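Engineer: I have a structure here, written as structure tokens, and I will follow up with some questions on it.
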Amino acid sequence: MSSLPSEVDVAIIGAGAAGLGAAHALEGSGLSVIVLEARDRTGGRGHTIMASPDITFDLGCGWLHSADRNSFVPIAEQLHFKIDKARPPWREQAFEGAFPSVERMDFIQALDAFYDRAEDAAEELGKSGRDSAASAYLEPGNRWNPMIDAISTYVNGTELDRVSISDMDAYEDTEINWRVRRGYGTLMAAYGASCPLALNTQVTMIDHSAARMRIETSRGTLTANNAIVTVPTNLIAEESIRFHPALPAKVEAARGLPLGLADKVMLALDEPDALPRDGNLRGATMRTAMGTYHLRPFGQPCIEGFFGGRFARELEDAGEGALAAQGIDEIVGFLGNDYRRKLKPLAESRWAHDPFARGSYSHALPGHAGARGVLAAPVDGRLFFAGEATSPNFFSTAHGARDSGERAAGEVLTSLARK
């Protein structure tokens, strides 16, 4: 869109999965709609690049989690995107020397036992409305605790001491995980292609003091009868978008739902046939500051590395290339010095330093599991909130975000019908 409209019925802030879901849900409603996006693209934290001519790389979300309940699955099918239904290799190990099978089974048993204790504790605490940090349910002295914490940095984007046990228990996982061959971000871009978009349009203030809301952006001001805010919690918590009158309950809720950090690095691999297709590589490092590696995803000549939590933040803060350097060092330690010449950095994500995300996906701090409902609640029947952080059970996922946008659009229509 070359210029902003001066007024609309519904302004949607953010063209990530939630904003696109809201826009699609309002199609055919007869309402004028605009999606205001600060970036020069759609998809938000879903972004696919070609790391090289033959390597597809999802910088953000990459898996269709809970695929049997994931609303992006029928969208992918409708848009003729090929879905890879192969089982993920997360619990498998490609190299015995890096993590011997006997040790690996011991670790998996410790991990499963932790999740069982956490589930029981969440149920017991829920009876009295209490909450706790998930780290309280690590078995004291268990040698695998640092690696269990490392798993949390990939799953939650942070260590267990910052994760609400109640929130962790609320997450629904059917354990069916598929992938989009052309990339999840590519799917989101195709999904958003028909939406009414204003890119490179950063919203800075929403004035909801008058009958019509006044929305200030980097490209000018427009008015709207309704607005759906879908930006990440860190932007609300840091008041990158200001509200007038102020909404302290929303800001406080967002601060209780900070974005954790999960970063990726893509390394080109010479002589790829020496490694298994869609293999997993993780060492028995006995520490939380560690990476985990997906060997030859989709059979591509590459290794994809994952880092999370405080360690990912440290690597980001160290500057461009630090993720790749760490990944290469770890892989060489597992597979031998010959792999140093076989690996070449291609691309890496840096979500903490992305000004329009400032993190990867939300987790509830201990005692703040109820903040998701607070953040999702409409204000005055015309200011609505969506995004993965507002999803009660599918938070931290793209489909949870998309579904929340659809939910917020439904709230807009319900509110208008009442008026």
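Identifiers in this document derive from the order of the structure tokens: chains are assigned A, B, ..., residues are numbered from 1 separately in each chain, and ligands are numbered from 1 in order of occurrence.
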Would you kindly return, as a CSV table (one decimal) with C-alpha atoms, in the first residue's frame, each protein, DNA or RNA residue with an atom no farther than 10 Å from any atom of A:Gly405, considering only C-alpha atoms and excluding same-chain residues fewer than 5 positions away?

Structural biologist:
chain,number,residue,atom,x,y,z
A,12,ILE,CA,-4.5,-4.5,13.2
A,16,GLY,CA,2.8,-11.7,12.2
A,17,ALA,CA,0.7,-14.9,12.5
A,18,ALA,CA,-1.8,-13.3,14.9
A,19,GLY,CA,-2.3,-10.2,12.7
A,20,LEU,CA,-2.7,-12.2,9.6
A,21,GLY,CA,-5.1,-14.5,11.3
A,22,ALA,CA,-7.2,-11.5,12.4
A,23,ALA,CA,-7.2,-10.0,8.9
A,24,HIS,CA,-8.4,-13.3,7.3
A,25,ALA,CA,-11.1,-13.7,9.9
A,228,ILE,CA,-6.3,-5.3,17.4
A,229,VAL,CA,-2.8,-5.2,19.0
A,230,THR,CA,-0.7,-8.3,18.2
A,384,PHE,CA,-8.4,-6.0,21.5
A,385,PHE,CA,-5.2,-8.0,22.0
A,386,ALA,CA,-3.8,-11.1,20.3
A,387,GLY,CA,-0.5,-12.9,19.8
A,388,GLU,CA,1.0,-16.1,21.0
A,390,THR,CA,-2.4,-14.5,24.8
A,391,SER,CA,-3.0,-18.1,23.9
A,399,HIS,CA,-0.6,-21.5,15.3
A,400,GLY,CA,-1.4,-20.3,18.8
A,410,GLY,CA,-14.4,-12.6,16.6
A,411,GLU,CA,-14.5,-10.3,19.6

Engineer: For a quick check of understanding, using only C-alpha atoms, which of A:Pro276, A:Glu124, A:Leu222, A:Leu26 has the smallest distance to A:Phe298?

Structural biologist: A:Pro276

Engineer: Might you pull out every residue within 12 Å of A:Leu335, with only C-alpha atoms counted and same-chain residues fewer than 2 positions away left off, and present them as number ranges by chain?

Structural biologist: A: 94-99, 274-275, 281-283, 328-333, 337-340, 342-343

Engineer: Keeping N, CA and C atoms, export the residues of the selection given above as a tab-separated table (two decimals), in the first residue's frame.

Structural biologist:
chain	number	residue	atom	x	y	z
A	94	ALA	N	22.69	-39.45	16.71
A	94	ALA	CA	23.34	-39.96	15.51
A	94	ALA	C	24.71	-40.56	15.78
A	95	PHE	N	25.38	-40.12	16.82
A	95	PHE	CA	26.76	-40.57	17.06
A	95	PHE	C	26.93	-41.06	18.48
A	96	GLU	N	27.26	-42.32	18.60
A	96	GLU	CA	27.41	-42.96	19.90
A	96	GLU	C	28.49	-42.30	20.73
A	97	GLY	N	29.57	-41.88	20.08
A	97	GLY	CA	30.69	-41.33	20.83
A	97	GLY	C	30.37	-40.03	21.53
A	98	ALA	N	29.48	-39.21	20.93
A	98	ALA	CA	29.15	-37.92	21.53
A	98	ALA	C	28.26	-38.07	22.75
A	99	PHE	N	27.39	-39.07	22.71
A	99	PHE	CA	26.44	-39.29	23.81
A	99	PHE	C	26.07	-40.77	23.81
A	274	ALA	N	28.44	-38.24	4.60
A	274	ALA	CA	29.05	-38.91	5.75
A	274	ALA	C	28.16	-38.84	6.99
A	275	LEU	N	27.15	-37.95	6.97
A	275	LEU	CA	26.24	-37.79	8.11
A	275	LEU	C	24.84	-38.22	7.72
A	281	LEU	N	22.27	-34.40	16.93
A	281	LEU	CA	23.58	-34.45	17.57
A	281	LEU	C	23.55	-33.57	18.81
A	282	ARG	N	23.82	-34.22	19.92
A	282	ARG	CA	23.90	-33.51	21.20
A	282	ARG	C	24.90	-34.27	22.06
A	283	GLY	N	25.74	-33.56	22.76
A	283	GLY	CA	26.72	-34.21	23.61
A	283	GLY	C	26.30	-34.27	25.06
A	328	ILE	N	30.42	-24.44	15.54
A	328	ILE	CA	31.52	-25.17	14.90
A	328	ILE	C	32.43	-25.80	15.95
A	329	ASP	N	32.75	-25.06	16.98
A	329	ASP	CA	33.61	-25.60	18.05
A	329	ASP	C	32.98	-26.82	18.69
A	330	GLU	N	31.69	-26.76	18.97
A	330	GLU	CA	31.03	-27.90	19.62
A	330	GLU	C	30.98	-29.11	18.69
A	331	ILE	N	30.62	-28.89	17.43
A	331	ILE	CA	30.52	-30.00	16.49
A	331	ILE	C	31.89	-30.65	16.27
A	332	VAL	N	32.93	-29.84	16.16
A	332	VAL	CA	34.28	-30.38	16.02
A	332	VAL	C	34.64	-31.21	17.25
A	333	GLY	N	34.23	-30.75	18.43
A	333	GLY	CA	34.49	-31.51	19.64
A	333	GLY	C	33.80	-32.86	19.65
A	337	ASN	N	38.40	-33.03	14.46
A	337	ASN	CA	38.96	-31.81	13.87
A	337	ASN	C	38.73	-31.70	12.38
A	338	ASP	N	38.53	-32.82	11.70
A	338	ASP	CA	38.33	-32.77	10.26
A	338	ASP	C	37.10	-31.95	9.89
A	339	TYR	N	36.15	-31.84	10.82
A	339	TYR	CA	34.91	-31.12	10.51
A	339	TYR	C	35.09	-29.60	10.54
A	340	ARG	N	36.20	-29.13	11.05
A	340	ARG	CA	36.41	-27.68	11.02
A	340	ARG	C	36.52	-27.16	9.59
A	342	LYS	N	35.10	-28.67	7.07
A	342	LYS	CA	33.89	-29.04	6.35
A	342	LYS	C	32.72	-28.10	6.63
A	343	LEU	N	32.82	-27.26	7.64
A	343	LEU	CA	31.71	-26.41	8.06
A	343	LEU	C	31.96	-24.95	7.70

Engineer: Counting only C-alpha atoms, which of A:Leu323, A:Ala134, A:Val35, A:Ala376 gets nearest to A:Leu197?

Structural biologist: A:Val35

Engineer: Give me, as JSON, numbers by chain, the residues of stretch 81-170 of chain A that a backbone DSSP run labels alpha helix (DSSP H).

Structural biologist: {"A": [101, 102, 103, 104, 105, 106, 107, 108, 109, 110, 111, 112, 113, 114, 115, 116, 117, 118, 119, 120, 121, 122, 123, 124, 125, 126, 145, 146, 147, 148, 149, 150, 151, 152, 153, 154, 155, 165, 166, 167, 168, 169, 170]}

Engineer: For the residues in the current selection, export C-alpha atoms as a tab-separated table (two decimals), in the first residue's frame.

Structural biologist:
chain	number	residue	atom	x	y	z
A	101	SER	CA	23.24	-44.81	24.32
A	102	VAL	CA	23.39	-45.98	27.95
A	103	GLU	CA	23.99	-42.42	29.12
A	104	ARG	CA	21.36	-41.08	26.75
A	105	MET	CA	18.69	-43.42	28.10
A	106	ASP	CA	19.60	-42.41	31.64
A	107	PHE	CA	19.22	-38.76	30.69
A	108	ILE	CA	15.85	-39.33	29.00
A	109	GLN	CA	14.59	-41.16	32.08
A	110	ALA	CA	15.67	-38.24	34.28
A	111	LEU	CA	14.01	-35.78	31.90
A	112	ASP	CA	10.74	-37.73	31.84
A	113	ALA	CA	10.79	-38.07	35.63
A	114	PHE	CA	11.18	-34.30	35.94
A	115	TYR	CA	8.17	-33.70	33.69
A	116	ASP	CA	6.13	-36.20	35.73
A	117	ARG	CA	7.01	-34.41	38.98
A	118	ALA	CA	6.25	-31.04	37.42
A	119	GLU	CA	2.83	-32.20	36.22
A	120	ASP	CA	1.93	-33.59	39.63
A	121	ALA	CA	3.15	-30.43	41.35
A	122	ALA	CA	1.18	-28.16	39.03
A	123	GLU	CA	-2.00	-30.12	39.74
A	124	GLU	CA	-1.43	-29.93	43.49
A	125	LEU	CA	-0.53	-26.25	43.49
A	126	GLY	CA	-3.49	-25.46	41.27
A	145	ASN	CA	19.90	-31.24	35.93
A	146	PRO	CA	22.06	-28.85	33.87
A	147	MET	CA	21.07	-30.62	30.65
A	148	ILE	CA	17.39	-30.70	31.67
A	149	ASP	CA	17.72	-26.94	32.11
A	150	ALA	CA	19.27	-26.77	28.64
A	151	ILE	CA	16.20	-28.48	27.18
A	152	SER	CA	14.08	-25.78	28.82
A	153	THR	CA	16.08	-23.10	27.02
A	154	TYR	CA	15.01	-24.61	23.69
A	155	VAL	CA	11.41	-25.33	24.73
A	165	ILE	CA	5.12	-24.48	36.74
A	166	SER	CA	1.41	-23.72	36.21
A	167	ASP	CA	2.05	-22.16	32.82
A	168	MET	CA	4.32	-24.99	31.74
A	169	ASP	CA	1.59	-27.48	32.65
A	170	ALA	CA	-1.04	-25.51	30.71
